[in-house]
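Asker: I am sharing model_19.csv, which consists of CSV, C-alpha atoms:
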chain,number,residue,atom,x,y,z
A,1,MET,CA,141.8,51.4,43.3
A,2,LYS,CA,141.4,54.7,45.1
A,3,MET,CA,144.2,55.4,47.5
A,4,ALA,CA,143.1,55.2,51.1
A,5,LYS,CA,143.8,58.1,53.4
A,6,PRO,CA,145.4,57.4,56.7
A,7,VAL,CA,142.6,56.9,59.3
A,8,GLY,CA,143.5,58.0,62.8
A,9,THR,CA,140.2,57.6,64.7
A,10,LEU,CA,137.0,55.6,64.6
A,11,ASP,CA,135.1,58.7,63.7
A,12,GLU,CA,137.4,59.3,60.8
A,13,LEU,CA,137.0,55.7,59.7
A,14,LYS,CA,133.2,56.1,59.7
A,15,ALA,CA,133.4,59.3,57.6
A,16,GLU,CA,135.8,57.7,55.1
A,17,LEU,CA,133.5,54.6,54.8
A,18,ARG,CA,130.5,56.8,54.1
A,19,GLU,CA,132.4,58.4,51.3
A,20,ALA,CA,133.6,55.1,49.9
A,21,PHE,CA,130.0,53.8,49.7
A,22,GLU,CA,128.6,56.8,48.0
A,23,HIS,CA,129.1,55.2,44.6
A,24,ASP,CA,128.6,51.7,43.1
A,25,PRO,CA,130.1,49.2,42.7
A,26,VAL,CA,131.8,48.6,46.0
A,27,ASP,CA,135.6,49.0,45.8
A,28,VAL,CA,136.6,46.0,48.0
A,29,ASP,CA,140.3,46.8,48.0
A,30,HIS,CA,139.7,50.4,49.0
A,31,VAL,CA,137.4,49.5,51.9
A,32,MET,CA,140.0,46.9,53.0
A,33,HIS,CA,142.7,49.5,53.1
A,34,LEU,CA,140.5,51.9,55.0
A,35,MET,CA,139.8,49.3,57.7
A,36,GLU,CA,143.4,48.2,57.8
A,37,SER,CA,144.6,51.8,58.2
A,38,TYR,CA,142.6,52.3,61.4
A,39,LYS,CA,144.5,51.0,64.4
A,40,SER,CA,142.4,49.8,67.3
A,41,ASN,CA,141.9,52.2,70.1
A,42,PRO,CA,139.7,50.8,72.9
A,43,ALA,CA,139.0,54.3,74.2
A,44,GLU,CA,137.0,54.9,71.0
A,45,TRP,CA,135.0,51.7,70.8
A,46,LYS,CA,134.5,50.5,74.4
A,47,GLN,CA,131.2,52.3,74.6
A,48,TYR,CA,129.8,49.9,71.9
A,49,ALA,CA,131.4,46.7,73.2
A,50,ILE,CA,128.6,45.1,75.2
A,51,PHE,CA,129.3,41.5,76.1
A,52,ASP,CA,126.9,38.7,77.2
A,53,ARG,CA,127.9,35.8,79.3
A,54,TYR,CA,126.2,33.1,77.2
A,55,LYS,CA,126.6,34.3,73.5
A,56,TYR,CA,128.4,36.6,71.2
A,57,THR,CA,126.7,40.0,70.6
A,58,ARG,CA,126.2,42.3,67.6
A,59,ASN,CA,126.3,46.0,68.5
A,60,LEU,CA,125.5,48.6,65.9
A,61,VAL,CA,128.0,51.5,65.6
A,62,ASP,CA,126.9,53.2,62.4
A,63,GLU,CA,124.3,52.8,59.7
A,64,GLY,CA,126.4,55.0,57.4
A,65,ASN,CA,124.6,56.4,54.4
A,66,GLY,CA,122.1,53.5,54.2
A,67,LYS,CA,124.6,51.5,52.1
A,68,PHE,CA,126.2,49.5,55.0
A,69,ASN,CA,126.0,48.6,58.7
A,70,LEU,CA,129.1,49.0,60.8
A,71,MET,CA,129.0,47.0,64.1
A,72,ILE,CA,131.1,45.6,66.9
A,73,LEU,CA,130.8,42.0,67.8
A,74,CYS,CA,131.8,40.8,71.2
A,75,TRP,CA,132.9,37.3,71.8
A,76,GLY,CA,133.2,35.7,75.2
A,77,GLU,CA,135.4,32.8,76.0
A,78,GLY,CA,134.7,30.0,73.5
A,79,HIS,CA,131.8,31.8,71.8
A,80,ALA,CA,131.2,30.9,68.1
A,81,SER,CA,128.8,31.8,65.3
A,82,PRO,CA,126.9,29.2,63.4
A,83,ILE,CA,128.1,28.4,59.9
A,84,HIS,CA,126.4,31.1,57.8
A,85,ASP,CA,126.1,32.9,54.5
A,86,HIS,CA,126.0,36.7,54.0
A,87,ALA,CA,122.8,37.2,52.0
A,88,ASP,CA,124.6,38.4,48.9
A,89,SER,CA,126.4,41.1,50.9
A,90,HIS,CA,130.0,42.1,51.3
A,91,CYS,CA,131.5,41.2,54.7
A,92,PHE,CA,134.6,42.9,56.1
A,93,MET,CA,135.9,41.9,59.5
A,94,LYS,CA,138.7,43.6,61.5
A,95,MET,CA,140.1,42.5,64.9
A,96,LEU,CA,140.0,45.1,67.6
A,97,GLU,CA,141.0,42.9,70.6
A,98,GLY,CA,141.9,39.3,71.1
A,99,THR,CA,142.0,36.6,68.5
A,100,LEU,CA,139.3,34.9,66.4
A,101,ARG,CA,139.4,31.8,64.2
A,102,GLU,CA,137.6,32.0,60.8
A,103,VAL,CA,136.7,28.6,59.4
A,104,ARG,CA,135.5,28.5,55.7
A,105,PHE,CA,133.3,25.9,54.0
A,106,ASP,CA,132.1,25.2,50.5
A,107,TRP,CA,128.4,25.6,49.8
A,108,PRO,CA,126.4,22.4,50.2
A,109,LYS,CA,125.6,20.6,47.0
A,110,GLU,CA,122.3,21.4,45.3
A,111,ASN,CA,120.0,18.7,46.6
A,112,ASP,CA,116.9,18.3,48.7
A,113,CYS,CA,118.4,17.4,52.0
A,114,SER,CA,115.0,17.4,53.6
A,115,ALA,CA,113.8,14.6,51.3
A,116,THR,CA,116.0,11.8,52.5
A,117,ASP,CA,119.0,11.4,54.8
A,118,ALA,CA,120.9,10.0,51.9
A,119,ALA,CA,120.8,13.4,50.2
A,120,CYS,CA,122.5,15.1,53.2
A,121,GLU,CA,126.2,15.5,53.1
A,122,GLN,CA,128.7,17.0,55.5
A,123,LEU,CA,129.9,20.4,54.5
A,124,ASN,CA,133.4,20.5,53.1
A,125,GLN,CA,135.8,22.6,55.2
A,126,LYS,CA,138.1,24.7,53.0
A,127,GLY,CA,140.5,25.9,55.6
A,128,SER,CA,140.9,28.1,58.6
A,129,SER,CA,142.9,31.2,59.7
A,130,LEU,CA,143.6,33.0,62.9
A,131,LEU,CA,142.8,36.7,63.0
A,132,GLU,CA,144.9,38.8,65.4
A,133,LEU,CA,144.9,42.4,66.4
A,134,ASN,CA,144.2,44.9,63.5
A,135,LYS,CA,144.0,42.2,60.9
A,136,VAL,CA,141.2,42.4,58.3
A,137,CYS,CA,139.5,39.7,56.3
A,138,TYR,CA,136.8,39.7,53.6
A,139,ILE,CA,134.2,37.2,52.4
A,140,ASN,CA,131.1,37.2,50.2
A,141,ASP,CA,128.8,34.4,49.1
A,142,SER,CA,130.8,33.6,46.0
A,143,MET,CA,133.7,32.6,48.3
A,144,GLY,CA,131.7,30.2,50.4
A,145,LEU,CA,130.4,30.0,53.9
A,146,HIS,CA,132.1,30.6,57.2
A,147,ARG,CA,132.0,30.2,61.0
A,148,VAL,CA,133.8,32.6,63.3
A,149,GLU,CA,134.9,31.4,66.8
A,150,ASN,CA,136.9,32.6,69.8
A,151,PRO,CA,139.4,29.9,70.4
A,152,SER,CA,140.4,31.2,73.8
A,153,HIS,CA,138.8,29.8,77.0
A,154,VAL,CA,140.4,32.6,79.0
A,155,ASP,CA,140.1,35.9,77.1
A,156,GLY,CA,137.3,37.6,75.2
A,157,ALA,CA,137.6,39.1,71.7
A,158,VAL,CA,136.2,42.1,69.9
A,159,SER,CA,135.8,42.5,66.1
A,160,LEU,CA,134.6,45.3,63.8
A,161,HIS,CA,132.3,44.2,61.0
A,162,LEU,CA,130.9,46.0,57.9
A,163,TYR,CA,128.1,44.5,55.9
A,164,SER,CA,127.0,46.1,52.6
A,165,PRO,CA,124.2,46.1,51.8
A,166,PRO,CA,122.7,45.7,55.2
A,167,TYR,CA,120.6,42.6,55.7
A,168,ASP,CA,118.2,41.3,58.3
A,169,THR,CA,118.0,37.6,57.4
A,170,CYS,CA,120.7,35.1,56.4
A,171,HIS,CA,121.0,31.3,56.3
A,172,ILE,CA,122.7,29.1,58.8
A,173,PHE,CA,123.9,25.6,58.0
A,174,ASN,CA,124.3,22.3,59.8
A,175,GLN,CA,127.9,21.1,59.3
A,176,GLN,CA,127.0,17.4,59.4
A,177,THR,CA,124.2,17.5,56.9
A,178,GLY,CA,124.5,20.7,54.9
A,179,LYS,CA,120.9,21.5,55.8
A,180,LYS,CA,120.1,25.2,55.9
A,181,ALA,CA,117.7,27.3,58.0
A,182,GLU,CA,116.7,30.9,57.7
A,183,ALA,CA,117.8,33.2,60.6
A,184,LYS,CA,116.7,36.7,61.4
A,185,VAL,CA,119.6,38.8,62.5
A,186,THR,CA,119.2,41.4,65.2
A,187,PHE,CA,121.3,43.8,67.3
A,188,TRP,CA,122.2,43.4,70.9
A,189,SER,CA,122.7,47.1,71.2
A,190,ARG,CA,122.4,50.2,69.0
A,191,TYR,CA,124.9,53.1,69.5
A,192,GLY,CA,125.8,51.8,72.9
A,193,ALA,CA,122.2,51.4,74.2
A,194,LYS,CA,121.0,47.9,74.9
A,195,VAL,CA,118.1,46.8,72.7
A,196,SER,CA,115.0,45.4,74.5
A,197,PRO,CA,114.7,41.6,74.0
A,198,VAL,CA,112.2,40.4,71.4
A,199,THR,CA,109.8,37.6,72.4
A,200,THR,CA,109.5,35.0,69.7
A,201,PRO,CA,107.5,31.8,69.5
A,202,GLU,CA,110.7,29.7,69.1
A,203,SER,CA,113.8,30.5,71.0
A,204,CYS,CA,117.2,30.0,69.4
A,205,THR,CA,120.0,27.9,70.8
A,206,PRO,CA,122.7,29.9,72.6
A,207,VAL,CA,125.2,29.8,69.7
A,208,VAL,CA,122.7,31.4,67.3
A,209,ASN,CA,120.7,33.6,69.7
A,210,SER,CA,122.9,36.6,69.3
A,211,CYS,CA,122.4,36.8,65.6
A,212,CYS,CA,118.8,35.8,65.2
A,213,THR,CA,115.4,35.9,66.9
A,214,GLU,CA,113.8,33.1,64.9
A,215,ILE,CA,114.7,30.2,62.7
A,216,THR,CA,112.5,28.9,59.9
A,217,GLU,CA,113.2,25.4,58.6
Please express the file's structure as structure tokens.
Answerer:
Amino acid sequence: MKMAKPVGTLDELKAELREAFEHDPVDVDHVMHLMESYKSNPAEWKQYAIFDRYKYTRNLVDEGNGKFNLMILCWGEGHASPIHDHADSHCFMKMLEGTLREVRFDWPKENDCSATDAACEQLNQKGSSLLELNKVCYINDSMGLHRVENPSHVDGAVSLHLYSPPYDTCHIFNQQTGKKAEAKVTFWSRYGAKVSPVTTPESCTPVVNSCCTEITE
């Protein structure tokens, strides 16, 4: 593993991440150390932290060298993501403010859930953990699925996410049946500027709307 340099600012972190992703394969431990070495400074990331009253938001911070997307997710009181996969990408998540709970699940069994109700089975929950200020976690599809939620009904939360390679679709899962649906992921803002809403033939439910514009069964 390459030794991580101390990262003092968000701009330094972005520069170090671009260097880290210049070569394949991804050195997960090195990227983890880089993100852990950066200590949250709200003065540096507040410009990207755009909240919505009804759903969590995905706010693009840096597209790096084309190998990753770095974004800030803003979670209002009680906001949660759907259970989802990561489209064969690496997912790193660091807490910048507040607390989030990560709940992990096994993949559903390989069956045709759409064929009969008998084929549908509840997803198996593997465990959960609380992520507090400056903590970093990592997941990829070989490790299962997860849901992220803000357990507080009083305070918001802000997290920094890195996805490599970037992706624009993933799958979300029904916890009770294991049934999956395709979701298109979008940004609430890009570099601090709000993105114009996209009109789609089918609107998403509030818990999904911040990460998708359409769902295909």
Asker: Rank A:Met35, A:Leu160, A:Val103, A:Leu96 by their smallest atom-to-atom distance to Val61 of chain A, using all atoms listed in the file, and report the top residue only.
Answerer: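 Using all atoms listed in the file, Val61 of chain A sits closest to A:Leu160.
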Asker: For the atom pair atom CA of Val148 of chain A and atom CA of Ala43 of chain A, what is the interatomic distance in Å to one decimal place?
Answerer: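 Computing the Euclidean distance for atom CA of Val148 of chain A and atom CA of Ala43 of chain A yields 24.8 Å.
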Asker: Identify which of the residues A:Lys179, A:Lys126, A:Lys109, A:His84 lies closest to Asp141 of chain A, counting all atoms listed in the file when measuring atom-to-atom distances.
Answerer: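 Smallest distance to Asp141 of chain A is found for A:His84.
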Asker: Which residue is closest to Ile50 of chain A? Choose from A:Leu73, A:Glu22, A:Phe68, A:Phe173 and count all atoms listed in the file.
Answerer: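 Closest candidate: A:Leu73.
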Asker: So which residues touch Glu132 of chain A within 12 Å, counting only C-alpha atoms, skipping near sequence neighbours fewer than 5 positions away, as a PyMOL selection string?
Answerer: chain A and resi 40+93-102+137+150-151+157-159
Asker: Determine, counting all atoms listed in the file, which protein, DNA and RNA residues have an atom within 7 Å of an atom of Tyr48 of chain A; residues of the same chain fewer than 6 positions away are not included. Present the result as a PDB file with C-alpha atoms, in the frame of the given file.
Answerer:
ATOM      1  CA  ASN A  59     126.300  46.000  68.500  1.00  0.00           C
ATOM      2  CA  VAL A  61     128.000  51.500  65.600  1.00  0.00           C
ATOM      3  CA  ILE A  72     131.100  45.600  66.900  1.00  0.00           C
ATOM      4  CA  TYR A 191     124.900  53.100  69.500  1.00  0.00           C
ATOM      5  CA  GLY A 192     125.800  51.800  72.900  1.00  0.00           C
TER       6      GLY A 192
END
Asker: Which is closer to Ile83 of chain A than all the others in A:Val136, A:Met71, A:Leu123, A:Val7, using all atoms listed in the file?
Answerer: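 Using all atoms listed in the file, Ile83 of chain A sits closest to A:Leu123.
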Asker: Report, in Å to a single decimal, how far apart atom CA of Asp11 of chain A and atom CA of Tyr38 of chain A are.
Answerer: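 Calculated distance between atom CA of Tyr38 of chain A and atom CA of Asp11 of chain A is 10.1 Å.
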Asker: Determine the nearest neighbour of Phe105 of chain A from the options A:Lys135, A:Arg18, A:Arg147, A:His79, counting all atoms listed in the file.
Answerer: A:Arg147
Asker: Pick the closest to Gly64 of chain A from A:Leu162, A:Val185, A:Val28, A:Ile139: which is it, counting all atoms listed in the file?
Answerer: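 Under the stated criterion, the closest residue is A:Leu162.
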Asker: For Gly76 of chain A, work out the shell of residues within 8 Å, counting all atoms listed in the file and skipping chain neighbours fewer than 4 positions away, then give it as a VMD selection string.
Answerer: chain A and resid 51 to 56 150 155 to 157
Asker: Quick one: everything within 10 Å of Glu19 of chain A, counting only C-alpha atoms, minus sequence neighbours fewer than 4 positions away in the same chain. Send it as a ChimeraX atom specification.
Answerer: /A:13-15,23,64-65
Asker: Atom CA of Cys170 of chain A to atom CA of Lys184 of chain A: how many Å, to one decimal?
Answerer: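 One can read the atom CA of Cys170 of chain A to atom CA of Lys184 of chain A distance as 6.6 Å.
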Asker: Leaving out Gly178 of chain A and any residue of its chain fewer than 6 positions from it, which residues lie within 9 Å of it when counting all atoms listed in the file, given as a PyMOL selection string?
Answerer: chain A and resi 107-109+113+120-123
Asker: Once you count all atoms listed in the file, which residues end up no further than 6 Å from (129.0, 38.6, 52.0) in the file's frame, shown as a PDB file with C-alpha atoms, keeping the file's coordinate frame?
Answerer:
ATOM      1  CA  HIS A  86     126.000  36.700  54.000  1.00  0.00           C
ATOM      2  CA  ASP A  88     124.600  38.400  48.900  1.00  0.00           C
ATOM      3  CA  SER A  89     126.400  41.100  50.900  1.00  0.00           C
ATOM      4  CA  HIS A  90     130.000  42.100  51.300  1.00  0.00           C
ATOM      5  CA  CYS A  91     131.500  41.200  54.700  1.00  0.00           C
ATOM      6  CA  ILE A 139     134.200  37.200  52.400  1.00  0.00           C
ATOM      7  CA  ASN A 140     131.100  37.200  50.200  1.00  0.00           C
ATOM      8  CA  ASP A 141     128.800  34.400  49.100  1.00  0.00           C
TER       9      ASP A 141
END
Asker: Using the atoms already present, construct N, CA, C and O atoms for segment 117-133 of chain A and hand them back as a PDB file, in the frame of the given file.
Answerer:
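Output file selection08.pdb is given in full below:
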ATOM      1  N   ASP A 117     117.677  11.251  54.166  1.00  0.00           N
ATOM      2  CA  ASP A 117     119.000  11.400  54.800  1.00  0.00           C
ATOM      3  C   ASP A 117     120.115  11.124  53.854  1.00  0.00           C
ATOM      4  O   ASP A 117     121.213  11.655  54.000  1.00  0.00           O
ATOM      5  N   ALA A 118     119.868  10.290  52.840  1.00  0.00           N
ATOM      6  CA  ALA A 118     120.900  10.000  51.900  1.00  0.00           C
ATOM      7  C   ALA A 118     121.348  11.181  51.073  1.00  0.00           C
ATOM      8  O   ALA A 118     122.449  11.223  50.527  1.00  0.00           O
ATOM      9  N   ALA A 119     120.447  12.184  50.986  1.00  0.00           N
ATOM     10  CA  ALA A 119     120.800  13.400  50.200  1.00  0.00           C
ATOM     11  C   ALA A 119     121.592  14.379  51.009  1.00  0.00           C
ATOM     12  O   ALA A 119     122.092  15.354  50.455  1.00  0.00           O
ATOM     13  N   CYS A 120     121.738  14.144  52.297  1.00  0.00           N
ATOM     14  CA  CYS A 120     122.500  15.100  53.200  1.00  0.00           C
ATOM     15  C   CYS A 120     123.942  14.720  53.197  1.00  0.00           C
ATOM     16  O   CYS A 120     124.304  13.548  53.381  1.00  0.00           O
ATOM     17  N   GLU A 121     124.775  15.725  53.038  1.00  0.00           N
ATOM     18  CA  GLU A 121     126.200  15.500  53.100  1.00  0.00           C
ATOM     19  C   GLU A 121     126.884  16.520  53.958  1.00  0.00           C
ATOM     20  O   GLU A 121     126.471  17.678  54.021  1.00  0.00           O
ATOM     21  N   GLN A 122     127.939  16.097  54.635  1.00  0.00           N
ATOM     22  CA  GLN A 122     128.700  17.000  55.500  1.00  0.00           C
ATOM     23  C   GLN A 122     129.333  18.099  54.682  1.00  0.00           C
ATOM     24  O   GLN A 122     129.816  17.881  53.570  1.00  0.00           O
ATOM     25  N   LEU A 123     129.320  19.313  55.238  1.00  0.00           N
ATOM     26  CA  LEU A 123     129.900  20.400  54.500  1.00  0.00           C
ATOM     27  C   LEU A 123     131.443  20.232  54.442  1.00  0.00           C
ATOM     28  O   LEU A 123     132.083  19.781  55.390  1.00  0.00           O
ATOM     29  N   ASN A 124     131.999  20.589  53.303  1.00  0.00           N
ATOM     30  CA  ASN A 124     133.400  20.500  53.100  1.00  0.00           C
ATOM     31  C   ASN A 124     134.145  21.699  53.657  1.00  0.00           C
ATOM     32  O   ASN A 124     133.871  22.828  53.251  1.00  0.00           O
ATOM     33  N   GLN A 125     135.061  21.475  54.615  1.00  0.00           N
ATOM     34  CA  GLN A 125     135.800  22.600  55.200  1.00  0.00           C
ATOM     35  C   GLN A 125     136.979  22.939  54.259  1.00  0.00           C
ATOM     36  O   GLN A 125     137.774  22.094  53.862  1.00  0.00           O
ATOM     37  N   LYS A 126     137.074  24.230  53.913  1.00  0.00           N
ATOM     38  CA  LYS A 126     138.100  24.700  53.000  1.00  0.00           C
ATOM     39  C   LYS A 126     139.391  25.108  53.645  1.00  0.00           C
ATOM     40  O   LYS A 126     140.439  25.147  53.014  1.00  0.00           O
ATOM     41  N   GLY A 127     139.301  25.452  54.923  1.00  0.00           N
ATOM     42  CA  GLY A 127     140.500  25.900  55.600  1.00  0.00           C
ATOM     43  C   GLY A 127     140.122  26.825  56.757  1.00  0.00           C
ATOM     44  O   GLY A 127     138.950  27.178  56.946  1.00  0.00           O
ATOM     45  N   SER A 128     141.125  27.242  57.528  1.00  0.00           N
ATOM     46  CA  SER A 128     140.900  28.100  58.600  1.00  0.00           C
ATOM     47  C   SER A 128     142.061  29.072  58.815  1.00  0.00           C
ATOM     48  O   SER A 128     143.172  28.770  58.360  1.00  0.00           O
ATOM     49  N   SER A 129     141.826  30.198  59.474  1.00  0.00           N
ATOM     50  CA  SER A 129     142.900  31.200  59.700  1.00  0.00           C
ATOM     51  C   SER A 129     142.643  31.867  61.036  1.00  0.00           C
ATOM     52  O   SER A 129     141.488  32.032  61.454  1.00  0.00           O
ATOM     53  N   LEU A 130     143.716  32.271  61.698  1.00  0.00           N
ATOM     54  CA  LEU A 130     143.600  33.000  62.900  1.00  0.00           C
ATOM     55  C   LEU A 130     143.707  34.526  62.608  1.00  0.00           C
ATOM     56  O   LEU A 130     144.585  34.952  61.847  1.00  0.00           O
ATOM     57  N   LEU A 131     142.805  35.293  63.167  1.00  0.00           N
ATOM     58  CA  LEU A 131     142.800  36.700  63.000  1.00  0.00           C
ATOM     59  C   LEU A 131     143.212  37.407  64.255  1.00  0.00           C
ATOM     60  O   LEU A 131     142.571  37.259  65.294  1.00  0.00           O
ATOM     61  N   GLU A 132     144.320  38.129  64.179  1.00  0.00           N
ATOM     62  CA  GLU A 132     144.900  38.800  65.400  1.00  0.00           C
ATOM     63  C   GLU A 132     144.695  40.297  65.250  1.00  0.00           C
ATOM     64  O   GLU A 132     144.153  40.811  64.270  1.00  0.00           O
ATOM     65  N   LEU A 133     145.126  41.009  66.268  1.00  0.00           N
ATOM     66  CA  LEU A 133     144.900  42.400  66.400  1.00  0.00           C
ATOM     67  C   LEU A 133     145.164  43.208  65.110  1.00  0.00           C
ATOM     68  O   LEU A 133     146.244  43.089  64.524  1.00  0.00           O
TER      69      LEU A 133
END
